[in-house]
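Quick look at protein.pdb (PDB, C-alpha atoms and all ligand atoms):
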ATOM      1  CA  MET A   1       9.990 -42.275  15.399
ATOM      2  CA  THR A   2       9.886 -44.261  12.142
ATOM      3  CA  LEU A   3       6.566 -42.856  10.960
ATOM      4  CA  PHE A   4       5.878 -39.144  10.883
ATOM      5  CA  ARG A   5       2.396 -37.988   9.890
ATOM      6  CA  LEU A   6       2.232 -34.384   8.738
ATOM      7  CA  THR A   7      -0.944 -32.581   7.680
ATOM      8  CA  GLN A   8      -0.467 -29.530   5.464
ATOM      9  CA  ILE A   9      -3.169 -26.912   5.491
ATOM     10  CA  SER A  10      -2.810 -23.643   3.627
ATOM     11  CA  ASP A  11      -4.429 -20.361   2.728
ATOM     12  CA  THR A  12      -6.919 -20.387   5.568
ATOM     13  CA  HIS A  13      -7.271 -16.573   5.207
ATOM     14  CA  LEU A  14      -8.918 -16.261   8.597
ATOM     15  CA  ALA A  15     -10.548 -13.037   9.810
ATOM     16  CA  ARG A  16     -13.258 -12.496  12.374
ATOM     17  CA  ARG A  17     -15.340 -10.604   9.781
ATOM     18  CA  LEU A  18     -15.374 -13.573   7.350
ATOM     19  CA  PRO A  19     -17.393 -16.272   9.172
ATOM     20  CA  LYS A  20     -17.730 -18.569   6.150
ATOM     21  CA  LEU A  21     -13.981 -19.103   6.215
ATOM     22  CA  THR A  22     -14.078 -19.713   9.962
ATOM     23  CA  ARG A  23     -16.705 -22.420   9.379
ATOM     24  CA  ASN A  24     -14.467 -24.120   6.809
ATOM     25  CA  PHE A  25     -11.635 -23.993   9.342
ATOM     26  CA  GLU A  26     -13.889 -25.606  11.948
ATOM     27  CA  GLN A  27     -14.542 -28.534   9.570
ATOM     28  CA  LEU A  28     -10.787 -28.790   9.108
ATOM     29  CA  ALA A  29     -10.252 -28.714  12.861
ATOM     30  CA  ASN A  30     -12.773 -31.542  13.348
ATOM     31  CA  HIS A  31     -10.906 -33.646  10.785
ATOM     32  CA  ILE A  32      -7.574 -32.936  12.488
ATOM     33  CA  ASP A  33      -9.100 -33.880  15.819
ATOM     34  CA  THR A  34     -10.186 -37.209  14.291
ATOM     35  CA  THR A  35      -6.936 -37.990  12.486
ATOM     36  CA  ARG A  36      -4.458 -36.575  15.067
ATOM     37  CA  PRO A  37      -1.339 -36.151  12.875
ATOM     38  CA  ASP A  38       2.039 -35.615  14.537
ATOM     39  CA  LEU A  39       2.178 -32.079  13.162
ATOM     40  CA  VAL A  40      -0.033 -29.587  11.344
ATOM     41  CA  LEU A  41       1.706 -27.147   9.036
ATOM     42  CA  ASN A  42      -0.082 -24.049   7.779
ATOM     43  CA  SER A  43       1.902 -22.996   4.711
ATOM     44  CA  GLY A  44       0.793 -19.396   4.702
ATOM     45  CA  ASP A  45      -1.953 -16.878   4.110
ATOM     46  CA  VAL A  46      -2.870 -17.926   7.599
ATOM     47  CA  CYS A  47      -4.974 -14.788   7.936
ATOM     48  CA  PHE A  48      -6.780 -12.530   5.492
ATOM     49  CA  ASP A  49      -4.965  -9.228   5.895
ATOM     50  CA  GLY A  50      -2.078  -9.195   8.355
ATOM     51  CA  PRO A  51      -0.339  -6.075   7.015
ATOM     52  CA  SER A  52      -3.363  -3.847   7.686
ATOM     53  CA  GLY A  53      -3.345  -4.699  11.383
ATOM     54  CA  PRO A  54      -2.618  -7.496  13.829
ATOM     55  CA  GLY A  55      -6.301  -8.330  14.402
ATOM     56  CA  ASP A  56      -6.483 -10.939  11.650
ATOM     57  CA  LEU A  57      -3.193 -12.545  12.706
ATOM     58  CA  ASP A  58      -4.345 -12.721  16.321
ATOM     59  CA  PHE A  59      -7.726 -14.187  15.328
ATOM     60  CA  ALA A  60      -6.000 -16.876  13.228
ATOM     61  CA  ARG A  61      -3.575 -17.677  16.037
ATOM     62  CA  VAL A  62      -6.367 -18.262  18.540
ATOM     63  CA  LEU A  63      -8.102 -20.717  16.190
ATOM     64  CA  HIS A  64      -4.875 -22.628  15.524
ATOM     65  CA  ASP A  65      -4.051 -22.742  19.243
ATOM     66  CA  ALA A  66      -7.287 -24.683  19.769
ATOM     67  CA  LEU A  67      -6.108 -27.513  17.487
ATOM     68  CA  PRO A  68      -5.250 -30.658  19.486
ATOM     69  CA  VAL A  69      -1.839 -31.232  17.852
ATOM     70  CA  PRO A  70       1.399 -29.211  17.496
ATOM     71  CA  CYS A  71       1.451 -26.652  14.666
ATOM     72  CA  ARG A  72       4.093 -24.932  12.598
ATOM     73  CA  TYR A  73       3.570 -21.972  10.336
ATOM     74  CA  LEU A  74       5.025 -20.212   7.318
ATOM     75  CA  PRO A  75       4.084 -16.712   6.201
ATOM     76  CA  GLY A  76       2.059 -15.908   3.085
ATOM     77  CA  ASN A  77       1.668 -12.687   1.173
ATOM     78  CA  HIS A  78      -1.584 -11.965   3.019
ATOM     79  CA  ASP A  79       0.320 -12.262   6.301
ATOM     80  CA  ILE A  80       3.409 -10.094   5.628
ATOM     81  CA  GLY A  81       2.985  -8.544   2.145
ATOM     82  CA  ASP A  82       4.136  -9.668  -1.287
ATOM     83  CA  ASN A  83       7.465  -9.931  -3.149
ATOM     84  CA  PRO A  84       8.491  -7.456  -5.789
ATOM     85  CA  THR A  85       9.076  -9.143  -9.156
ATOM     86  CA  GLN A  86      11.202  -8.210 -12.143
ATOM     87  CA  ILE A  87       8.325  -8.104 -14.578
ATOM     88  CA  GLY A  88       4.989  -7.906 -12.771
ATOM     89  CA  PRO A  89       3.275  -4.855 -11.304
ATOM     90  CA  VAL A  90       4.492  -3.471  -7.978
ATOM     91  CA  PRO A  91       2.576  -5.236  -5.173
ATOM     92  CA  THR A  92      -0.108  -3.093  -3.569
ATOM     93  CA  GLN A  93       1.067  -4.406  -0.185
ATOM     94  CA  PRO A  94       4.843  -5.041  -0.407
ATOM     95  CA  VAL A  95       6.588  -7.258   2.111
ATOM     96  CA  SER A  96       8.349  -5.258   4.828
ATOM     97  CA  GLU A  97      10.512  -5.959   7.858
ATOM     98  CA  GLN A  98       7.843  -4.486  10.106
ATOM     99  CA  HIS A  99       5.158  -6.821   8.728
ATOM    100  CA  ARG A 100       7.573  -9.748   9.030
ATOM    101  CA  GLN A 101       8.283  -8.974  12.662
ATOM    102  CA  THR A 102       4.590  -8.606  13.457
ATOM    103  CA  TYR A 103       4.036 -12.050  11.971
ATOM    104  CA  VAL A 104       6.983 -13.562  13.888
ATOM    105  CA  ALA A 105       5.614 -12.117  17.131
ATOM    106  CA  ALA A 106       2.289 -13.862  16.494
ATOM    107  CA  PHE A 107       3.359 -17.151  14.875
ATOM    108  CA  GLY A 108       7.062 -17.688  15.609
ATOM    109  CA  ASP A 109      10.008 -18.080  13.269
ATOM    110  CA  ASP A 110       9.338 -17.558   9.579
ATOM    111  CA  ARG A 111      11.929 -20.233   8.689
ATOM    112  CA  TRP A 112      12.739 -23.503  10.437
ATOM    113  CA  ARG A 113      14.328 -26.896  10.164
ATOM    114  CA  PHE A 114      13.676 -30.113  12.047
ATOM    115  CA  GLU A 115      14.189 -33.826  11.526
ATOM    116  CA  ALA A 116      11.764 -36.723  11.854
ATOM    117  CA  ALA A 117      11.520 -40.310  10.554
ATOM    118  CA  GLY A 118      14.910 -40.038   8.844
ATOM    119  CA  TRP A 119      13.904 -36.892   6.950
ATOM    120  CA  CYS A 120      15.068 -33.298   7.102
ATOM    121  CA  PHE A 121      12.202 -30.778   6.979
ATOM    122  CA  ILE A 122      12.916 -27.177   6.011
ATOM    123  CA  GLY A 123      10.447 -24.287   5.963
ATOM    124  CA  LEU A 124      11.228 -21.030   4.183
ATOM    125  CA  ASN A 125       9.785 -17.540   4.030
ATOM    126  CA  SER A 126       9.169 -17.210   0.280
ATOM    127  CA  LEU A 127       7.934 -13.607   0.501
ATOM    128  CA  VAL A 128      11.272 -12.035   1.391
ATOM    129  CA  MET A 129      12.852 -13.519  -1.741
ATOM    130  CA  ASN A 130      13.832 -10.818  -4.240
ATOM    131  CA  SER A 131      12.818  -8.200  -1.654
ATOM    132  CA  GLY A 132      16.292  -6.865  -0.887
ATOM    133  CA  LEU A 133      15.429  -6.938   2.816
ATOM    134  CA  VAL A 134      18.154  -7.942   5.253
ATOM    135  CA  ALA A 135      15.949 -10.903   6.128
ATOM    136  CA  GLU A 136      16.343 -12.231   2.578
ATOM    137  CA  ALA A 137      20.144 -12.365   2.791
ATOM    138  CA  GLU A 138      19.990 -13.763   6.322
ATOM    139  CA  GLN A 139      17.650 -16.521   5.218
ATOM    140  CA  PHE A 140      19.878 -17.560   2.304
ATOM    141  CA  ASP A 141      22.901 -17.647   4.647
ATOM    142  CA  TRP A 142      20.922 -19.695   7.156
ATOM    143  CA  LEU A 143      19.685 -22.036   4.412
ATOM    144  CA  ALA A 144      23.224 -22.669   3.165
ATOM    145  CA  GLY A 145      24.191 -23.784   6.658
ATOM    146  CA  GLU A 146      21.168 -26.055   7.012
ATOM    147  CA  LEU A 147      21.655 -27.672   3.601
ATOM    148  CA  ALA A 148      25.285 -28.372   4.479
ATOM    149  CA  THR A 149      24.224 -30.457   7.469
ATOM    150  CA  THR A 150      21.478 -32.728   6.119
ATOM    151  CA  GLY A 151      23.910 -35.659   6.296
ATOM    152  CA  GLY A 152      22.451 -37.149   3.121
ATOM    153  CA  LYS A 153      18.939 -37.390   4.561
ATOM    154  CA  PRO A 154      16.064 -36.842   2.128
ATOM    155  CA  VAL A 155      14.796 -33.271   2.305
ATOM    156  CA  ALA A 156      11.186 -32.045   2.323
ATOM    157  CA  LEU A 157      10.926 -28.310   1.681
ATOM    158  CA  PHE A 158       7.856 -26.227   2.436
ATOM    159  CA  LEU A 159       7.165 -22.628   1.447
ATOM    160  CA  HIS A 160       4.109 -20.521   0.602
ATOM    161  CA  LYS A 161       4.718 -19.889  -3.092
ATOM    162  CA  PRO A 162       5.500 -22.688  -5.539
ATOM    163  CA  ILE A 163       9.054 -22.372  -6.813
ATOM    164  CA  PHE A 164       7.880 -22.590 -10.442
ATOM    165  CA  LEU A 165       5.017 -23.671 -12.719
ATOM    166  CA  ASN A 166       6.598 -26.634 -14.536
ATOM    167  CA  ALA A 167      10.397 -26.164 -14.543
ATOM    168  CA  PRO A 168      13.004 -23.998 -12.787
ATOM    169  CA  ASP A 169      13.731 -21.902 -15.875
ATOM    170  CA  ASP A 170      10.114 -21.181 -16.809
ATOM    171  CA  PRO A 171      10.053 -17.598 -18.080
ATOM    172  CA  GLU A 172       8.478 -15.057 -15.755
ATOM    173  CA  LEU A 173       5.285 -13.633 -17.213
ATOM    174  CA  GLU A 174       3.742 -10.350 -16.147
ATOM    175  CA  SER A 175       0.396 -12.051 -15.575
ATOM    176  CA  SER A 176       1.748 -14.749 -13.257
ATOM    177  CA  ALA A 177       5.021 -13.458 -11.784
ATOM    178  CA  ILE A 178       3.495 -13.099  -8.303
ATOM    179  CA  ARG A 179       2.411 -16.756  -8.360
ATOM    180  CA  TYR A 180       5.918 -18.254  -8.038
ATOM    181  CA  VAL A 181       9.235 -17.556  -6.309
ATOM    182  CA  PRO A 182      10.502 -14.582  -8.328
ATOM    183  CA  MET A 183      13.715 -14.375 -10.301
ATOM    184  CA  PRO A 184      16.590 -14.041  -9.646
ATOM    185  CA  ALA A 185      16.027 -15.432  -6.135
ATOM    186  CA  ARG A 186      14.402 -18.521  -7.662
ATOM    187  CA  ARG A 187      17.558 -19.341  -9.615
ATOM    188  CA  ARG A 188      19.681 -18.997  -6.483
ATOM    189  CA  LEU A 189      17.316 -21.166  -4.449
ATOM    190  CA  VAL A 190      17.208 -23.890  -7.104
ATOM    191  CA  GLU A 191      21.018 -23.910  -7.351
ATOM    192  CA  MET A 192      21.371 -24.237  -3.575
ATOM    193  CA  LEU A 193      18.891 -27.101  -3.440
ATOM    194  CA  ARG A 194      20.915 -29.102  -5.975
ATOM    195  CA  SER A 195      23.357 -29.951  -3.176
ATOM    196  CA  VAL A 196      20.822 -32.074  -1.265
ATOM    197  CA  ASP A 197      18.489 -35.012  -1.856
ATOM    198  CA  LEU A 198      15.360 -32.904  -2.375
ATOM    199  CA  ARG A 199      12.379 -35.265  -2.602
ATOM    200  CA  LEU A 200       9.426 -32.986  -1.901
ATOM    201  CA  VAL A 201       8.449 -29.337  -2.260
ATOM    202  CA  GLY A 202       5.122 -28.514  -0.609
ATOM    203  CA  SER A 203       3.538 -25.125  -1.257
ATOM    204  CA  GLY A 204       0.243 -23.257  -1.144
ATOM    205  CA  HIS A 205      -0.719 -19.793  -2.450
ATOM    206  CA  VAL A 206      -2.380 -20.716  -5.772
ATOM    207  CA  HIS A 207      -5.587 -22.059  -4.189
ATOM    208  CA  GLN A 208      -5.420 -25.032  -6.555
ATOM    209  CA  ARG A 209      -4.505 -28.637  -5.845
ATOM    210  CA  ARG A 210      -1.652 -29.994  -7.937
ATOM    211  CA  ASP A 211       0.857 -32.839  -7.704
ATOM    212  CA  PHE A 212       3.649 -33.354 -10.231
ATOM    213  CA  THR A 213       7.242 -34.545 -10.346
ATOM    214  CA  PHE A 214      10.209 -32.697 -11.848
ATOM    215  CA  GLY A 215      13.449 -34.690 -11.855
ATOM    216  CA  HIS A 216      13.202 -36.740  -8.683
ATOM    217  CA  THR A 217      11.403 -34.029  -6.701
ATOM    218  CA  ARG A 218       7.656 -34.189  -6.155
ATOM    219  CA  HIS A 219       5.905 -30.830  -6.072
ATOM    220  CA  VAL A 220       2.653 -30.748  -4.125
ATOM    221  CA  TRP A 221       0.427 -27.696  -4.213
ATOM    222  CA  SER A 222      -1.924 -27.683  -1.260
ATOM    223  CA  PRO A 223      -5.331 -26.236  -2.039
ATOM    224  CA  SER A 224      -6.749 -23.499   0.140
ATOM    225  CA  ALA A 225      -8.547 -24.637   3.264
ATOM    226  CA  GLY A 226     -10.802 -21.602   2.915
ATOM    227  CA  PHE A 227     -11.908 -20.706  -0.600
ATOM    228  CA  VAL A 228     -11.429 -21.242  -4.321
ATOM    229  CA  ILE A 229     -10.912 -18.554  -6.969
ATOM    230  CA  ASN A 230     -13.216 -18.783  -9.961
ATOM    231  CA  ASP A 231     -12.044 -18.992 -13.579
ATOM    232  CA  ARG A 232     -13.030 -15.383 -14.261
ATOM    233  CA  ARG A 233     -10.451 -14.257 -11.729
ATOM    234  CA  GLN A 234      -7.745 -16.901 -12.156
ATOM    235  CA  GLU A 235      -6.649 -19.413 -14.807
ATOM    236  CA  ARG A 236      -7.163 -23.083 -14.070
ATOM    237  CA  ILE A 237      -3.918 -25.062 -13.641
ATOM    238  CA  GLY A 238      -4.781 -27.872 -11.242
ATOM    239  CA  ILE A 239      -7.923 -28.772  -9.312
ATOM    240  CA  LYS A 240      -9.996 -25.969  -7.843
ATOM    241  CA  GLU A 241     -11.343 -27.304  -4.568
ATOM    242  CA  CYS A 242     -10.920 -26.678  -0.856
ATOM    243  CA  GLY A 243      -9.056 -29.297   1.118
ATOM    244  CA  LEU A 244      -5.776 -30.322   2.703
ATOM    245  CA  VAL A 245      -2.838 -32.686   2.172
ATOM    246  CA  GLU A 246      -1.789 -35.542   4.421
ATOM    247  CA  TYR A 247       1.763 -36.948   4.297
ATOM    248  CA  ARG A 248       3.215 -40.103   5.841
ATOM    249  CA  PHE A 249       7.007 -40.015   6.049
ATOM    250  CA  GLN A 250       9.077 -43.092   6.750
ATOM    251  CA  PRO A 251      12.840 -43.522   6.342
ATOM    252  CA  ASP A 252      13.629 -43.046   2.635
ATOM    253  CA  ARG A 253       9.992 -42.909   1.449
ATOM    254  CA  PHE A 254       6.778 -40.965   1.781
ATOM    255  CA  GLU A 255       3.119 -41.064   0.779
ATOM    256  CA  VAL A 256       0.783 -38.216  -0.151
ATOM    257  CA  ARG A 257      -2.982 -38.224   0.346
ATOM    258  CA  HIS A 258      -5.149 -35.504  -1.173
ATOM    259  CA  VAL A 259      -8.017 -35.026   1.237
ATOM    260  CA  ARG A 260     -11.130 -32.946   1.873
ATOM    261  CA  ALA A 261     -12.347 -32.588   5.421
ATOM    262  CA  PRO A 262     -15.961 -33.747   5.834
ATOM    263  CA  GLY A 263     -18.210 -30.714   5.606
ATOM    264  CA  GLN A 264     -15.568 -28.505   4.019
ATOM    265  CA  LEU A 265     -17.253 -26.397   1.308
ATOM    266  CA  ASP A 266     -15.855 -25.062  -1.971
ATOM    267  CA  ILE A 267     -16.582 -21.438  -1.136
ATOM    268  CA  ASP A 268     -15.882 -19.108  -4.035
ATOM    269  CA  LEU A 269     -13.959 -15.928  -3.272
ATOM    270  CA  ASP A 270     -16.924 -13.923  -4.568
ATOM    271  CA  GLU A 271     -19.196 -15.573  -1.961
ATOM    272  CA  ILE A 272     -17.283 -14.593   1.156
ATOM    273  CA  TRP A 273     -18.144 -10.929   1.103
ATOM    274  CA  SER A 274     -21.270  -9.712   2.822
ATOM    275  CA  LYS A 275     -23.296  -6.505   2.944
ATOM    276  CA  GLU A 276     -21.389  -5.554   6.068
ATOM    277  CA  GLN A 277     -18.069  -6.468   4.474
ATOM    278  CA  PRO A 278     -18.195  -5.504   0.787
ATOM    279  CA  ALA A 279     -15.686  -6.878  -1.694
ATOM    280  CA  PRO A 280     -12.409  -4.963  -1.702
ATOM    281  CA  ALA A 281     -10.969  -3.311  -4.765
ATOM    282  CA  PRO A 282      -9.637  -5.929  -7.198
ATOM    283  CA  ALA A 283      -6.036  -5.100  -6.359
ATOM    284  CA  LYS A 284      -6.678  -5.960  -2.698
ATOM    285  CA  ALA A 285      -8.502  -9.188  -3.406
ATOM    286  CA  PRO A 286      -6.398 -12.269  -4.147
ATOM    287  CA  ALA A 287      -7.669 -12.165  -7.705
ATOM    288  CA  THR A 288      -4.379 -12.285  -9.552
ATOM    289  CA  ILE A 289      -2.808 -15.242  -7.777
TER     290      ILE A 289
HETATM  291 FE    FE A 301      -4.023 -17.441  -0.405
HETATM  292 FE    FE A 302      -0.757 -16.339  -1.080
END
Using structure tokens, write down the structure that the file contains.
Amino acid sequence: MTLFRLTQISDTHLARRLPKLTRNFEQLANHIDTTRPDLVLNSGDVCFDGPSGPGDLDFARVLHDALPVPCRYLPGNHDIGDNPTQIGPVPTQPVSEQHRQTYVAAFGDDRWRFEAAGWCFIGLNSLVMNSGLVAEAEQFDWLAGELATTGGKPVALFLHKPIFLNAPDDPELESSAIRYVPMPARRRLVEMLRSVDLRLVGSGHVHQRRDFTFGHTRHVWSPSAGFVINDRRQERIGIKECGLVEYRFQPDRFEVRHVRAPGQLDIDLDEIWSKEQPAPAPAKAPATI
């Protein structure tokens, strides 16, 4: 295969009780049915609240299973809980091994590697980083082995959280520490990645579309497929819209298309609650992303 077409969707936040987000996913599904990429990747926050019970994970899995193309997944903080950080507040729903295993049972491995069109694709669980869980150490050991066997192929890395805002040594700030891969795990990850030809880092989590290059690595932030977060709740860094990202990989090069599925609406987080499903306490809502 000399052309590999990958569609990245992210932050779908699916739950049976939130039908507006299901409708946005249906628009996305129609677009995927029309475009038929080789692979769909959901880069996390697949469901709205996995740690509180498997219902949301199961609901999201059923909707993804109906897509007409193969899918891969990575966990988000709303799927398995969030990382502790050195400087920010303690997460209200910390990542745990139990939550991780519940996710793996529903969606498969939380880290993976495959090759296509002369590229090496690696997916990582960004939520276990800085957690101290056994899974964090196991993933770093696994990653070292995978990076040692890329054979010089260009590498595309995907994970839920962006590694950093603008540069690897950006200082962690209390107000935004949960937005990026936390220190000191970030430093270790960046050092490990120096050994390979890293061309692309694709992430989600921030619910903003962004595309910039640091060194010779392009960093693409996929917007949420489900909802945007207004400026009262979250600072504006990139473009606040709902959408997806389409990639075309060929040996030694790739293209990025920033896309909105026809009919996909820019639903604001504040709009998705209903009388039956009132807004959660601010700490539970993804208001500080
Ligand atoms: Fe999200
Ligand atoms: Fe997230």
Ranking A:Asp58, A:Asp33, A:Glu174, A:Asp82 by minimum distance to ligand FE 301 (chain A) and counting only C-alpha atoms and all ligand atoms, which one comes first? A:Asp82
Taking the file as shown, find all residues satisfying the PyMOL selection byres (((chain A and resi 159) around 6) and not hetatm) and write them as a list of chain:residue names. A:Gly123, A:Leu124, A:Ser126, A:Phe158, A:His160, A:Lys161, A:Ser203
To test your reading of the syntax: which residues would the PyMOL selection byres (((not hetatm)) within 10 of (chain A and resi 302)) return for the file shown? Reply as a count of residues only. 31
Tell me which protein, DNA and RNA residues are within 8 Å of A:Arg16, counting only C-alpha atoms, leaving out same-chain ones fewer than 6 positions away, and put them as a ChimeraX atom specification. /A:22,56,59
Selection result for the PyMOL selection byres (((chain A and resi 67) around 10) and not hetatm) on this file, as a list in words: Glu26, Leu28, Ala29, Asn30, Ile32, Asp33, Arg36, Val40, Val62, Leu63, His64, Asp65, Ala66, Pro68, Val69, Pro70 and Cys71 of chain A
Have a look at A:Asn166, A:Phe227, A:Gly263, A:Leu193 and name the one nearest to ligand FE 301 (chain A); count all atoms listed in the file. A:Phe227
Which residue is closest to A:Arg210? Choose from A:Ile237, A:Leu3, A:Met183, A:Leu265 and count all atoms listed in the file.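 Of the candidates, the smallest distance to A:Arg210 is held by A:Ile237.
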Mind checking which residues fall within 10 Å of stretch 250-257 of chain A, counting only C-alpha atoms, ignoring those fewer than 6 positions away in the same chain, and posting them as a list in words?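 Using only C-alpha atoms, the neighbours found are Met1, Thr2, Leu3, Phe4, Arg5, Leu6, Thr7, Ala116, Ala117, Gly118, Trp119, Lys153, Pro154, Val155, Ala156, Arg199, Leu200, Asp211, Arg218, Val220 and Leu244 of chain A.
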Determine the nearest neighbour of ligand FE 301 (chain A) from the options A:Glu246, A:Asp231, A:Glu136, A:Asp49, counting only C-alpha atoms and all ligand atoms.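 Result for the nearest residue to ligand FE 301 (chain A): A:Asp49.
Closest approach to ligand FE 301 (chain A) from the set A:Leu14, A:Gln27, A:Met192, A:Gly108 is made by A:Leu14, with distances taken over only C-alpha atoms and all ligand atoms.
For the atom pair formed by atom CA of A:Val181 and atom CA of A:Gln86, the distance is 11.2 Å, given to one decimal.
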Atom CA of A:Leu57 to atom CA of A:Tyr103, straight-line distance in Å: 7.3 Å
File contents for stretch 111-123 of chain A with N, CA, C and O atoms as a JSON list (two decimals), in the first residue's frame:
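And here's result34.json as it stands now:
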[["chain", "number", "residue", "atom", "x", "y", "z"],
["A", 111, "ARG", "N", -2.30, 1.15, 23.77],
["A", 111, "ARG", "CA", -1.10, 1.58, 23.04],
["A", 111, "ARG", "C", -0.93, 0.61, 21.88],
["A", 111, "ARG", "O", -1.31, -0.56, 21.97],
["A", 112, "TRP", "N", -0.38, 1.09, 20.77],
["A", 112, "TRP", "CA", -0.25, 0.21, 19.61],
["A", 112, "TRP", "C", 0.76, 0.78, 18.64],
["A", 112, "TRP", "O", 1.15, 1.95, 18.71],
["A", 113, "ARG", "N", 1.19, -0.08, 17.75],
["A", 113, "ARG", "CA", 2.10, 0.32, 16.68],
["A", 113, "ARG", "C", 1.74, -0.51, 15.44],
["A", 113, "ARG", "O", 1.45, -1.69, 15.52],
["A", 114, "PHE", "N", 1.75, 0.15, 14.29],
["A", 114, "PHE", "CA", 1.58, -0.56, 13.03],
["A", 114, "PHE", "C", 2.31, 0.23, 11.95],
["A", 114, "PHE", "O", 2.73, 1.38, 12.18],
["A", 115, "GLU", "N", 2.47, -0.38, 10.81],
["A", 115, "GLU", "CA", 3.15, 0.28, 9.69],
["A", 115, "GLU", "C", 2.25, 0.29, 8.48],
["A", 115, "GLU", "O", 1.47, -0.64, 8.25],
["A", 116, "ALA", "N", 2.35, 1.38, 7.71],
["A", 116, "ALA", "CA", 1.58, 1.50, 6.47],
["A", 116, "ALA", "C", 2.23, 2.56, 5.60],
["A", 116, "ALA", "O", 2.73, 3.58, 6.13],
["A", 117, "ALA", "N", 2.24, 2.36, 4.29],
["A", 117, "ALA", "CA", 2.74, 3.34, 3.32],
["A", 117, "ALA", "C", 4.14, 3.84, 3.67],
["A", 117, "ALA", "O", 4.45, 5.02, 3.48],
["A", 118, "GLY", "N", 4.97, 2.97, 4.22],
["A", 118, "GLY", "CA", 6.35, 3.36, 4.54],
["A", 118, "GLY", "C", 6.49, 4.15, 5.82],
["A", 118, "GLY", "O", 7.57, 4.68, 6.11],
["A", 119, "TRP", "N", 5.41, 4.24, 6.59],
["A", 119, "TRP", "CA", 5.41, 4.97, 7.86],
["A", 119, "TRP", "C", 5.24, 4.00, 9.03],
["A", 119, "TRP", "O", 4.63, 2.94, 8.89],
["A", 120, "CYS", "N", 5.74, 4.45, 10.18],
["A", 120, "CYS", "CA", 5.50, 3.76, 11.44],
["A", 120, "CYS", "C", 4.53, 4.59, 12.27],
["A", 120, "CYS", "O", 4.80, 5.77, 12.53],
["A", 121, "PHE", "N", 3.41, 4.00, 12.64],
["A", 121, "PHE", "CA", 2.38, 4.69, 13.43],
["A", 121, "PHE", "C", 2.40, 4.14, 14.86],
["A", 121, "PHE", "O", 2.36, 2.91, 15.05],
["A", 122, "ILE", "N", 2.47, 5.06, 15.81],
["A", 122, "ILE", "CA", 2.51, 4.66, 17.22],
["A", 122, "ILE", "C", 1.40, 5.41, 17.97],
["A", 122, "ILE", "O", 1.25, 6.63, 17.82],
["A", 123, "GLY", "N", 0.63, 4.69, 18.76],
["A", 123, "GLY", "CA", -0.38, 5.29, 19.61],
["A", 123, "GLY", "C", -0.04, 5.06, 21.07],
["A", 123, "GLY", "O", 0.36, 3.95, 21.45]]
